[in-house]
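What follows is one structure encoded as structure tokens, with my remarks underneath.
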Amino acid sequence: MRVIWNGGELLFRLDPEDEITGKASDGYPVKLATNSCHLSGVPGDAHPDLFAVAAWTVVAPWTRRRITFDRAVSAEVAAALHDGWGIEAGPVSAEPRRAGSVLAISYSGGADSVAAATVYPEAPFVHFRRVEHPRIPNRWPHYRSDVLARLARQTGRDITIVESDLEYTLAEPRPGYPEHQAVAAGALLMADRLGLGGLGFGYEMGSRWLGGGRYLLRYTPDNFLWAPHGAWGRLFAAVGVHIVLPVGGVSEAVTMRLAVNSDLKDQVRWCLRGTDGPCRTCGKCLYKELIMAAVERRPLDTPITADRPVARKWLKPPPYGGQEMIEYGLARVPGIENTLFATALSHLRPTEESTSWLDRCYPPAIDEIPEPWRDQAATFMADHVGFMNEDDRRRVETWGA
């Protein structure tokens, strides 16, 4: 892979051994659509390591043996790429970037992101906004990135909005991030201007510790994507922008509770389709409604019925993505046995007792937050959530066993 930056334009050319169809770090297959993308507001004097890692978040799935950058990188970044992915990187001669002192939040506006922002109320935001690509048709016109950006501006926080068409580098399965960390490409390139030493993400316990979503459905302390000792954690640390997971020790029930009770509650938006509010008809809205109903101890309120395509997976036996939260919701929503989740309920049969651990914070998640920001997160969790006891921790550490 050969990488060239022309201002905010990233150009990359595949080597003979590289592949058009690759896999993201979580193993999901992704097909390349085009070899260029743009990011707005890129400072030309950003450290070369920042340009390199921002590019890697885009091109990693299709790179097989080596990557050649258009400017020299530090030995530390080259070592992180080799140790994490087996990739030979060069040229190598730059001095490493020194970490700054500022923690920013990679802010999406969803409940998890808002909860992370609530832990650090003084942290500035960096918001990624998808814009259309000049050559690739927009196959997702319903994705309202303009609405998300408008809501982000309304938070009153110091905010940097980076616009990019990098999601259109994907032909399949749909426009999206080549790697989860590509959402941080803009923040990486702005790191010197903002003095960043850390970047906070809204990934919660399911994503960090329980292998939720597209990941393995089991306890994953060595999570390749988000563990500080994982490949991505080491790479970000090599450029002095540590990955920080403020809510990495709590469930989506807790992040939902924190978000809707925060000063940013009016800007919470997990749905990518709605304009004046969540669309209420997509799969994500259904999932979040189950969690919200559980938190509020009320019946499910959704127009989605069992005959809708987005309900199809709930009519099948488990496992389900985010299954710990499905169990949490099934145990708390009144009348759930009369909804489209009846099949899931009959298989899982959770109780409030069996899911009560999801109301507390997993202590090792605090221990892995870098020292400059650890105490503030620990105090917040002690004051607003509470920590797991040994039995609770055992539930986490035997998940999926």
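By order in the structure tokens, chains are A, B, ...; within a chain, residues start at 1; ligands start at 1, following the order shown.
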
Can you build me a table of range 143-190 of chain A residues sitting at most 12 Å from range 219-236 of chain A, with the closest atom pair per residue and its distance in Å to one decimal, using only C-alpha atoms, sorted by chain and residue number, as a tab-separated table?
residue	atom	partner	partner_atom	distance
A:Glu179	CA	A:Leu225	CA	9.4
A:His180	CA	A:Leu225	CA	8.1
A:Gln181	CA	A:Trp232	CA	8.1
A:Ala182	CA	A:Trp232	CA	11.2
A:Ala184	CA	A:Phe236	CA	10.2
A:Ala185	CA	A:Phe236	CA	11.0
A:Ala187	CA	A:Phe236	CA	11.5
A:Leu188	CA	A:Phe236	CA	8.9

Preceding selection exported with all heavy atoms as a tab-separated table (two decimals), in the first residue's frame:
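New file out_18.tsv:
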chain	number	residue	atom	x	y	z
A	179	GLU	N	-12.48	0.92	9.24
A	179	GLU	CA	-12.19	0.44	10.59
A	179	GLU	C	-12.98	1.30	11.56
A	179	GLU	O	-13.24	2.47	11.29
A	179	GLU	CB	-10.69	0.55	10.91
A	179	GLU	CG	-9.78	-0.33	10.09
A	179	GLU	CD	-9.79	-1.79	10.54
A	179	GLU	OE1	-10.55	-2.14	11.47
A	179	GLU	OE2	-9.03	-2.58	9.95
A	180	HIS	N	-13.34	0.73	12.70
A	180	HIS	CA	-14.08	1.52	13.70
A	180	HIS	C	-13.32	2.80	14.04
A	180	HIS	O	-13.92	3.86	14.26
A	180	HIS	CB	-14.30	0.70	14.96
A	180	HIS	CG	-15.25	-0.44	14.78
A	180	HIS	ND1	-16.61	-0.31	14.94
A	180	HIS	CD2	-15.05	-1.73	14.46
A	180	HIS	CE1	-17.21	-1.47	14.72
A	180	HIS	NE2	-16.28	-2.35	14.43
A	181	GLN	N	-11.98	2.71	14.08
A	181	GLN	CA	-11.17	3.85	14.49
A	181	GLN	C	-11.11	4.95	13.45
A	181	GLN	O	-10.59	6.04	13.72
A	181	GLN	CB	-9.75	3.38	14.83
A	181	GLN	CG	-9.63	2.57	16.11
A	181	GLN	CD	-10.13	1.14	15.97
A	181	GLN	OE1	-10.43	0.68	14.87
A	181	GLN	NE2	-10.20	0.43	17.09
A	182	ALA	N	-11.64	4.71	12.23
A	182	ALA	CA	-11.62	5.76	11.22
A	182	ALA	C	-12.46	6.97	11.62
A	182	ALA	O	-12.25	8.07	11.10
A	182	ALA	CB	-12.10	5.21	9.88
A	184	ALA	N	-12.01	8.50	14.09
A	184	ALA	CA	-11.04	9.38	14.75
A	184	ALA	C	-10.04	9.98	13.80
A	184	ALA	O	-9.13	10.71	14.25
A	184	ALA	CB	-10.30	8.59	15.84
A	185	ALA	N	-10.15	9.73	12.50
A	185	ALA	CA	-9.15	10.24	11.55
A	185	ALA	C	-9.01	11.75	11.65
A	185	ALA	O	-7.90	12.30	11.66
A	185	ALA	CB	-9.50	9.81	10.13
A	187	ALA	N	-9.87	13.71	14.21
A	187	ALA	CA	-9.31	14.08	15.52
A	187	ALA	C	-7.80	13.87	15.55
A	187	ALA	O	-7.06	14.68	16.12
A	187	ALA	CB	-9.99	13.25	16.61
A	188	LEU	N	-7.34	12.79	14.94
A	188	LEU	CA	-5.90	12.54	14.88
A	188	LEU	C	-5.18	13.67	14.15
A	188	LEU	O	-4.15	14.18	14.63
A	188	LEU	CB	-5.63	11.21	14.18
A	188	LEU	CG	-5.94	9.95	14.97
A	188	LEU	CD1	-5.96	8.72	14.05
A	188	LEU	CD2	-4.93	9.75	16.10

Residue nearest Gly206 in chain A - candidates A:Asp192, A:Glu324, A:Glu337, A:Glu368, atoms counted: only C-alpha atoms: A:Glu324

As a PyMOL selection string, please: all residues of range 276-364 of chain A that backbone DSSP puts in alpha helix (DSSP H). chain A and resi 283-296+323-332+342-348+352-355+363-364

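Counting only C-alpha atoms and comparing A:Tyr362, A:Phe380, A:Tyr143, A:Phe12, the residue that lies closest to Met205 in chain A is A:Tyr362.
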
Show me, as a CSV table (one decimal) with all heavy atoms, in the first residue's frame, the residues that have an atom within 9 Å of range 246-262 of chain A when counting only C-alpha atoms, minus same-chain residues fewer than 5 positions from it.
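Result file is selection_23.csv:
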chain,number,residue,atom,x,y,z
A,110,GLY,N,-24.9,10.0,20.2
A,110,GLY,CA,-25.7,8.9,20.8
A,110,GLY,C,-25.6,8.8,22.3
A,110,GLY,O,-24.8,9.5,22.9
A,111,ALA,N,-26.4,7.9,22.9
A,111,ALA,CA,-26.5,7.8,24.3
A,111,ALA,C,-25.1,7.5,24.9
A,111,ALA,O,-24.7,8.0,26.0
A,111,ALA,CB,-27.5,6.8,24.7
A,112,ASP,N,-24.4,6.6,24.3
A,112,ASP,CA,-23.1,6.1,24.9
A,112,ASP,C,-22.1,7.3,24.8
A,112,ASP,O,-21.3,7.5,25.7
A,112,ASP,CB,-22.5,4.9,24.1
A,112,ASP,CG,-23.5,3.7,24.1
A,112,ASP,OD1,-24.2,3.6,25.1
A,112,ASP,OD2,-23.5,3.0,23.2
A,113,SER,N,-22.1,8.0,23.7
A,113,SER,CA,-21.2,9.1,23.5
A,113,SER,C,-21.5,10.3,24.5
A,113,SER,O,-20.6,10.9,25.1
A,113,SER,CB,-21.3,9.7,22.1
A,113,SER,OG,-20.4,10.7,21.8
A,114,VAL,N,-22.8,10.5,24.7
A,114,VAL,CA,-23.2,11.6,25.6
A,114,VAL,C,-22.8,11.2,27.1
A,114,VAL,O,-22.4,12.0,27.9
A,114,VAL,CB,-24.7,11.8,25.5
A,114,VAL,CG1,-25.2,12.7,26.7
A,114,VAL,CG2,-25.1,12.5,24.2
A,115,ALA,N,-23.0,9.9,27.4
A,115,ALA,CA,-22.6,9.4,28.7
A,115,ALA,C,-21.1,9.6,28.9
A,115,ALA,O,-20.6,10.1,30.0
A,115,ALA,CB,-23.0,7.9,28.9
A,116,ALA,N,-20.3,9.3,27.9
A,116,ALA,CA,-18.8,9.5,28.0
A,116,ALA,C,-18.5,11.0,28.2
A,116,ALA,O,-17.7,11.4,29.1
A,116,ALA,CB,-18.1,9.0,26.8
A,117,ALA,N,-19.3,11.9,27.5
A,117,ALA,CA,-19.1,13.3,27.7
A,117,ALA,C,-19.5,13.8,29.1
A,117,ALA,O,-18.9,14.7,29.6
A,117,ALA,CB,-19.9,14.0,26.6
A,118,THR,N,-20.4,13.1,29.7
A,118,THR,CA,-20.9,13.5,31.0
A,118,THR,C,-19.9,13.2,32.1
A,118,THR,O,-19.8,13.9,33.1
A,118,THR,CB,-22.2,12.7,31.3
A,118,THR,OG1,-23.2,13.1,30.3
A,118,THR,CG2,-22.8,13.1,32.7
A,119,VAL,N,-19.0,12.2,31.8
A,119,VAL,CA,-18.0,11.9,32.8
A,119,VAL,C,-16.9,13.0,32.8
A,119,VAL,O,-16.4,13.3,33.9
A,119,VAL,CB,-17.3,10.5,32.4
A,119,VAL,CG1,-16.1,10.2,33.4
A,119,VAL,CG2,-18.3,9.4,32.5
A,120,TYR,N,-16.7,13.6,31.7
A,120,TYR,CA,-15.7,14.7,31.6
A,120,TYR,C,-16.4,16.0,31.0
A,120,TYR,O,-16.3,16.3,29.8
A,120,TYR,CB,-14.6,14.3,30.6
A,120,TYR,CG,-13.8,13.1,31.1
A,120,TYR,CD1,-14.0,11.8,30.5
A,120,TYR,CD2,-12.9,13.2,32.1
A,120,TYR,CE1,-13.3,10.7,30.9
A,120,TYR,CE2,-12.2,12.1,32.6
A,120,TYR,CZ,-12.4,10.9,32.0
A,120,TYR,OH,-11.7,9.8,32.4
A,200,GLY,N,-11.5,10.3,23.9
A,200,GLY,CA,-12.5,9.5,24.6
A,200,GLY,C,-13.6,9.0,23.6
A,200,GLY,O,-14.1,9.8,22.8
A,201,PHE,N,-13.9,7.7,23.7
A,201,PHE,CA,-14.9,7.1,22.8
A,201,PHE,C,-16.1,6.6,23.7
A,201,PHE,O,-15.9,6.3,24.9
A,201,PHE,CB,-14.4,5.9,22.0
A,201,PHE,CG,-13.3,6.3,21.0
A,201,PHE,CD1,-12.0,6.4,21.4
A,201,PHE,CD2,-13.6,6.5,19.7
A,201,PHE,CE1,-11.0,6.7,20.5
A,201,PHE,CE2,-12.7,6.8,18.8
A,201,PHE,CZ,-11.3,6.9,19.2
A,202,GLY,N,-17.3,6.5,23.1
A,202,GLY,CA,-18.4,6.0,23.9
A,202,GLY,C,-18.6,4.5,23.9
A,202,GLY,O,-19.7,4.1,24.2
A,203,TYR,N,-17.6,3.8,23.6
A,203,TYR,CA,-17.8,2.3,23.7
A,203,TYR,C,-18.0,1.8,25.1
A,203,TYR,O,-17.2,2.2,26.0
A,203,TYR,CB,-16.6,1.6,23.0
A,203,TYR,CG,-16.6,1.8,21.5
A,203,TYR,CD1,-15.8,2.8,20.9
A,203,TYR,CD2,-17.4,1.1,20.7
A,203,TYR,CE1,-15.9,3.1,19.6
A,203,TYR,CE2,-17.5,1.3,19.3
A,203,TYR,CZ,-16.7,2.3,18.8
A,203,TYR,OH,-16.8,2.5,17.4
A,204,GLU,N,-19.0,1.0,25.3
A,204,GLU,CA,-19.4,0.6,26.7
A,204,GLU,C,-18.9,-0.8,26.9
A,204,GLU,O,-18.2,-1.4,26.1
A,204,GLU,CB,-20.9,0.8,26.9
A,204,GLU,CG,-21.8,0.6,25.7
A,204,GLU,CD,-21.7,-0.8,25.2
A,204,GLU,OE1,-21.9,-1.8,26.0
A,204,GLU,OE2,-21.5,-1.0,24.0
A,205,MET,N,-19.4,-1.4,28.0
A,205,MET,CA,-18.9,-2.7,28.5
A,205,MET,C,-19.2,-3.8,27.4
A,205,MET,O,-18.3,-4.7,27.2
A,205,MET,CB,-19.6,-3.1,29.8
A,205,MET,CG,-19.2,-4.4,30.3
A,205,MET,SD,-19.7,-4.7,32.1
A,205,MET,CE,-21.4,-4.3,32.0
A,206,GLY,N,-20.3,-3.7,26.7
A,206,GLY,CA,-20.6,-4.8,25.7
A,206,GLY,C,-19.6,-4.8,24.6
A,206,GLY,O,-19.1,-5.8,24.2
A,207,SER,N,-19.1,-3.6,24.2
A,207,SER,CA,-18.1,-3.5,23.1
A,207,SER,C,-16.7,-3.8,23.6
A,207,SER,O,-15.9,-4.4,22.9
A,207,SER,CB,-18.2,-2.1,22.5
A,207,SER,OG,-19.4,-1.9,21.9
A,208,ARG,N,-16.4,-3.3,24.8
A,208,ARG,CA,-15.1,-3.5,25.3
A,208,ARG,C,-14.8,-4.9,25.9
A,208,ARG,O,-13.8,-5.5,25.7
A,208,ARG,CB,-14.8,-2.4,26.4
A,208,ARG,CG,-13.5,-2.6,27.2
A,208,ARG,CD,-12.2,-2.6,26.3
A,208,ARG,NE,-11.0,-3.0,27.1
A,208,ARG,CZ,-10.6,-4.2,27.2
A,208,ARG,NH1,-11.2,-5.3,26.6
A,208,ARG,NH2,-9.4,-4.5,27.9
A,209,TRP,N,-15.7,-5.4,26.7
A,209,TRP,CA,-15.4,-6.6,27.5
A,209,TRP,C,-16.3,-7.8,27.2
A,209,TRP,O,-15.8,-8.9,27.5
A,209,TRP,CB,-15.7,-6.3,29.0
A,209,TRP,CG,-14.8,-5.2,29.6
A,209,TRP,CD1,-15.1,-3.9,29.7
A,209,TRP,CD2,-13.4,-5.3,30.0
A,209,TRP,NE1,-14.0,-3.2,30.2
A,209,TRP,CE2,-13.0,-4.1,30.4
A,209,TRP,CE3,-12.5,-6.4,30.1
A,209,TRP,CZ2,-11.7,-3.8,30.9
A,209,TRP,CZ3,-11.3,-6.2,30.6
A,209,TRP,CH2,-10.9,-4.9,31.0
A,268,VAL,N,-29.4,14.2,22.6
A,268,VAL,CA,-29.2,12.8,22.4
A,268,VAL,C,-29.9,12.3,21.2
A,268,VAL,O,-31.1,12.5,21.0
A,268,VAL,CB,-29.7,11.9,23.6
A,268,VAL,CG1,-29.5,10.4,23.4
A,268,VAL,CG2,-28.9,12.3,24.9
A,288,LYS,N,-32.8,0.3,21.0
A,288,LYS,CA,-32.7,1.4,22.0
A,288,LYS,C,-34.0,1.6,22.8
A,288,LYS,O,-34.0,1.9,24.0
A,288,LYS,CB,-32.2,2.7,21.4
A,288,LYS,CG,-30.8,2.7,20.8
A,288,LYS,CD,-29.8,2.5,22.0
A,288,LYS,CE,-28.3,2.7,21.5
A,288,LYS,NZ,-27.3,2.5,22.5
A,291,ILE,N,-34.1,-0.8,25.6
A,291,ILE,CA,-33.3,-0.4,26.7
A,291,ILE,C,-33.9,0.8,27.4
A,291,ILE,O,-34.0,0.8,28.7
A,291,ILE,CB,-31.9,0.0,26.2
A,291,ILE,CG1,-31.1,-1.2,25.6
A,291,ILE,CG2,-31.0,0.6,27.3
A,291,ILE,CD1,-29.9,-0.8,24.9
A,292,MET,N,-34.5,1.7,26.7
A,292,MET,CA,-35.1,2.9,27.3
A,292,MET,C,-36.3,2.4,28.1
A,292,MET,O,-36.6,2.9,29.3
A,292,MET,CB,-35.5,3.9,26.3
A,292,MET,CG,-36.3,5.1,26.8
A,292,MET,SD,-35.2,6.2,27.7
A,292,MET,CE,-34.6,7.2,26.4
A,294,ALA,N,-36.8,-0.4,29.5
A,294,ALA,CA,-36.3,-1.1,30.7
A,294,ALA,C,-35.8,-0.1,31.8
A,294,ALA,O,-36.1,-0.3,33.0
A,294,ALA,CB,-35.1,-2.1,30.4
A,295,VAL,N,-35.1,0.9,31.4
A,295,VAL,CA,-34.6,1.9,32.3
A,295,VAL,C,-35.8,2.7,32.9
A,295,VAL,O,-35.8,3.0,34.1
A,295,VAL,CB,-33.7,2.9,31.5
A,295,VAL,CG1,-33.4,4.2,32.4
A,295,VAL,CG2,-32.4,2.2,31.2
A,296,GLU,N,-36.8,2.9,32.1
A,296,GLU,CA,-38.0,3.7,32.6
A,296,GLU,C,-39.1,2.8,33.2
A,296,GLU,O,-40.1,3.3,33.7
A,296,GLU,CB,-38.6,4.6,31.5
A,296,GLU,CG,-37.6,5.6,31.0
A,296,GLU,CD,-38.2,6.5,29.9
A,296,GLU,OE1,-39.2,6.1,29.3
A,296,GLU,OE2,-37.6,7.5,29.6
A,324,GLU,N,-26.4,-9.2,26.3
A,324,GLU,CA,-26.6,-8.9,27.7
A,324,GLU,C,-27.7,-7.8,27.9
A,324,GLU,O,-28.4,-7.9,28.9
A,324,GLU,CB,-25.2,-8.4,28.3
A,324,GLU,CG,-24.8,-7.1,27.9
A,324,GLU,CD,-24.2,-6.9,26.5
A,324,GLU,OE1,-24.1,-8.0,25.8
A,324,GLU,OE2,-23.8,-5.8,26.1
A,325,MET,N,-27.8,-6.9,26.9
A,325,MET,CA,-28.8,-5.9,27.0
A,325,MET,C,-30.2,-6.4,26.6
A,325,MET,O,-31.2,-5.9,27.1
A,325,MET,CB,-28.4,-4.6,26.2
A,325,MET,CG,-27.2,-3.9,26.7
A,325,MET,SD,-27.2,-3.6,28.5
A,325,MET,CE,-28.8,-2.9,28.8
A,328,TYR,N,-31.3,-7.9,29.8
A,328,TYR,CA,-31.7,-6.8,30.7
A,328,TYR,C,-33.0,-6.3,30.4
A,328,TYR,O,-33.9,-6.1,31.3
A,328,TYR,CB,-30.6,-5.7,30.6
A,328,TYR,CG,-30.8,-4.6,31.7
A,328,TYR,CD1,-30.1,-4.6,32.9
A,328,TYR,CD2,-31.6,-3.5,31.4
A,328,TYR,CE1,-30.2,-3.6,33.8
A,328,TYR,CE2,-31.7,-2.5,32.3
A,328,TYR,CZ,-31.0,-2.5,33.5
A,328,TYR,OH,-31.2,-1.5,34.5
A,329,GLY,N,-33.3,-6.0,29.2
A,329,GLY,CA,-34.6,-5.4,28.8
A,329,GLY,C,-35.7,-6.4,29.0
A,329,GLY,O,-36.8,-6.1,29.5
A,358,LEU,N,-25.5,-5.6,35.5
A,358,LEU,CA,-25.4,-4.6,34.4
A,358,LEU,C,-25.8,-3.2,34.9
A,358,LEU,O,-25.7,-2.3,34.1
A,358,LEU,CB,-26.4,-5.0,33.3
A,358,LEU,CG,-25.9,-6.3,32.6
A,358,LEU,CD1,-27.0,-6.9,31.7
A,358,LEU,CD2,-24.7,-6.0,31.7
A,359,ASP,N,-26.1,-3.0,36.1
A,359,ASP,CA,-26.4,-1.7,36.7
A,359,ASP,C,-25.2,-1.1,37.4
A,359,ASP,O,-25.3,0.0,37.9
A,359,ASP,CB,-27.6,-1.8,37.7
A,359,ASP,CG,-28.9,-1.9,37.1
A,359,ASP,OD1,-29.1,-1.2,36.0
A,359,ASP,OD2,-29.8,-2.6,37.5
A,360,ARG,N,-24.1,-1.8,37.4
A,360,ARG,CA,-22.9,-1.3,38.1
A,360,ARG,C,-21.7,-1.3,37.1
A,360,ARG,O,-21.7,-1.8,36.0
A,360,ARG,CB,-22.6,-2.2,39.3
A,360,ARG,CG,-23.7,-2.1,40.3
A,360,ARG,CD,-23.5,-2.9,41.6
A,360,ARG,NE,-23.9,-4.3,41.3
A,360,ARG,CZ,-25.2,-4.8,41.4
A,360,ARG,NH1,-26.2,-4.0,41.7
A,360,ARG,NH2,-25.4,-6.1,41.3
A,361,CYS,N,-20.6,-0.7,37.6
A,361,CYS,CA,-19.4,-0.5,36.8
A,361,CYS,C,-18.3,-1.6,37.1
A,361,CYS,O,-18.1,-2.0,38.3
A,361,CYS,CB,-18.8,0.8,37.2
A,361,CYS,SG,-17.2,1.2,36.2
A,362,TYR,N,-17.7,-2.1,36.1
A,362,TYR,CA,-16.7,-3.1,36.1
A,362,TYR,C,-15.4,-2.5,36.4
A,362,TYR,O,-14.8,-1.7,35.6
A,362,TYR,CB,-16.7,-3.9,34.8
A,362,TYR,CG,-15.7,-5.0,34.7
A,362,TYR,CD1,-15.7,-6.1,35.6
A,362,TYR,CD2,-14.7,-5.0,33.7
A,362,TYR,CE1,-14.8,-7.1,35.5
A,362,TYR,CE2,-13.8,-6.1,33.6
A,362,TYR,CZ,-13.9,-7.1,34.5
A,362,TYR,OH,-13.0,-8.2,34.4
A,363,PRO,N,-14.8,-2.7,37.6
A,363,PRO,CA,-13.6,-1.9,38.0
A,363,PRO,C,-12.4,-1.9,37.1
A,363,PRO,O,-11.7,-0.9,36.9
A,363,PRO,CB,-13.3,-2.5,39.4
A,363,PRO,CG,-14.6,-3.0,39.9
A,363,PRO,CD,-15.3,-3.5,38.7
A,364,PRO,N,-12.0,-3.1,36.5
A,364,PRO,CA,-10.9,-3.0,35.6
A,364,PRO,C,-11.0,-2.0,34.5
A,364,PRO,O,-9.9,-1.6,33.9
A,364,PRO,CB,-10.8,-4.5,35.1
A,364,PRO,CG,-11.4,-5.3,36.2
A,364,PRO,CD,-12.5,-4.4,36.7
A,365,ALA,N,-12.2,-1.6,34.1
A,365,ALA,CA,-12.3,-0.6,33.0
A,365,ALA,C,-11.8,0.7,33.5
A,365,ALA,O,-11.2,1.5,32.7
A,365,ALA,CB,-13.8,-0.5,32.6
A,366,ILE,N,-11.9,1.0,34.8
A,366,ILE,CA,-11.3,2.3,35.3
A,366,ILE,C,-9.8,2.2,35.4
A,366,ILE,O,-9.1,3.1,35.0
A,366,ILE,CB,-11.9,2.6,36.7
A,366,ILE,CG1,-13.4,2.7,36.6
A,366,ILE,CG2,-11.3,3.8,37.3
A,366,ILE,CD1,-13.9,3.8,35.7
A,369,ILE,N,-7.9,3.2,32.2
A,369,ILE,CA,-8.0,4.6,31.7
A,369,ILE,C,-6.6,5.3,32.1
A,369,ILE,O,-6.1,5.1,33.2
A,369,ILE,CB,-9.1,5.4,32.4
A,369,ILE,CG1,-10.5,4.9,31.9
A,369,ILE,CG2,-9.0,6.9,32.1
A,369,ILE,CD1,-11.7,5.5,32.5
A,373,TRP,N,-6.5,11.0,33.5
A,373,TRP,CA,-8.0,11.1,33.5
A,373,TRP,C,-8.7,10.0,34.3
A,373,TRP,O,-9.9,9.9,34.4
A,373,TRP,CB,-8.5,11.0,32.1
A,373,TRP,CG,-7.7,12.0,31.2
A,373,TRP,CD1,-7.9,13.4,31.3
A,373,TRP,CD2,-6.7,11.8,30.2
A,373,TRP,NE1,-7.0,14.0,30.4
A,373,TRP,CE2,-6.3,13.0,29.7
A,373,TRP,CE3,-6.2,10.6,29.7
A,373,TRP,CZ2,-5.3,13.1,28.7
A,373,TRP,CZ3,-5.2,10.7,28.7
A,373,TRP,CH2,-4.8,12.0,28.3
A,374,ARG,N,-7.9,9.2,35.0
A,374,ARG,CA,-8.4,8.0,35.7
A,374,ARG,C,-9.2,8.4,37.0
A,374,ARG,O,-10.4,7.9,37.2
A,374,ARG,CB,-7.3,7.0,36.1
A,374,ARG,CG,-7.8,5.7,36.7
A,374,ARG,CD,-6.6,4.8,37.1
A,374,ARG,NE,-5.8,4.6,36.0
A,374,ARG,CZ,-4.4,4.6,36.0
A,374,ARG,NH1,-3.8,4.7,37.2
A,374,ARG,NH2,-3.7,4.4,34.9
A,377,ALA,N,-12.8,9.7,36.4
A,377,ALA,CA,-13.7,8.7,36.0
A,377,ALA,C,-14.1,7.8,37.2
A,377,ALA,O,-15.3,7.5,37.3
A,377,ALA,CB,-13.1,7.8,34.9
A,381,MET,N,-17.9,7.4,38.6
A,381,MET,CA,-18.6,6.1,38.7
A,381,MET,C,-19.0,5.8,40.2
A,381,MET,O,-20.1,5.2,40.4
A,381,MET,CB,-17.7,5.0,38.2
A,381,MET,CG,-17.6,5.1,36.7
A,381,MET,SD,-19.1,4.9,35.8
A,381,MET,CE,-18.7,5.5,34.2
A,384,HIS,N,-22.1,8.1,40.9
A,384,HIS,CA,-23.3,8.1,40.1
A,384,HIS,C,-23.7,6.7,39.7
A,384,HIS,O,-24.9,6.5,39.2
A,384,HIS,CB,-23.1,8.9,38.8
A,384,HIS,CG,-22.9,10.4,39.0
A,384,HIS,ND1,-23.9,11.2,39.3
A,384,HIS,CD2,-21.7,11.1,39.1
A,384,HIS,CE1,-23.4,12.4,39.5
A,384,HIS,NE2,-22.1,12.4,39.4
A,385,VAL,N,-22.9,5.7,39.8
A,385,VAL,CA,-23.2,4.3,39.3
A,385,VAL,C,-22.9,3.3,40.4
A,385,VAL,O,-23.8,2.5,40.7
A,385,VAL,CB,-22.3,4.0,38.1
A,385,VAL,CG1,-22.7,2.6,37.6
A,385,VAL,CG2,-22.6,5.0,37.0

Option closest in space to Cys271 in chain A, from A:Val241, A:Arg297, A:Thr398, A:His142 [counting only C-alpha atoms]: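 Among the listed residues, the smallest separation from Cys271 in chain A belongs to A:His142.
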
My list of candidates is A:Glu371, A:Glu76, A:Glu327, A:Asp383. Which is closest to Phe341 in chain A when distances are computed with only C-alpha atoms?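 The closest residue to Phe341 in chain A is A:Glu327.
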
Write down as a list in words the residues of range 175-383 of chain A whose backbone DSSP state falls under strand (DSSP E). Leu196, Gly197, Gly198, Leu199, Gly200, His242, Ile243 and Val244 of chain A

Near range 15-29 of chain A, counting only C-alpha atoms, which residues have an atom at most 6 Å away, once you skip same-chain residues fewer than 5 positions from it, shown as a list in words? Met1, Pro61, Trp62, Thr63, Arg64 and Glu179 of chain A

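Among the candidate residues A:Leu194, A:Ala94, A:Pro175, A:Pro141, the one lying nearest to Pro124 in chain A is A:Leu194, with distances computed using only C-alpha atoms.
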
Between A:Gly197, A:Gly186, A:Gly211, A:Pro121, which has the minimum distance to Leu264 in chain A (counting only C-alpha atoms)?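 Residue with the minimum atom-to-atom distance to Leu264 in chain A: A:Pro121.
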
Could you work out how far CA of Gly322 in chain A lies from CA of Thr355 in chain A, giving the answer in Å with one decimal?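 Going from CA of Thr355 in chain A over to CA of Gly322 in chain A, I get 13.2 Å.
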
Shell around Val92 in chain A at 6 Å using only C-alpha atoms, local window under 3 positions removed, as a list in words: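 The filter keeps Ala72, Val73, Ser74 and Ala75 of chain A.
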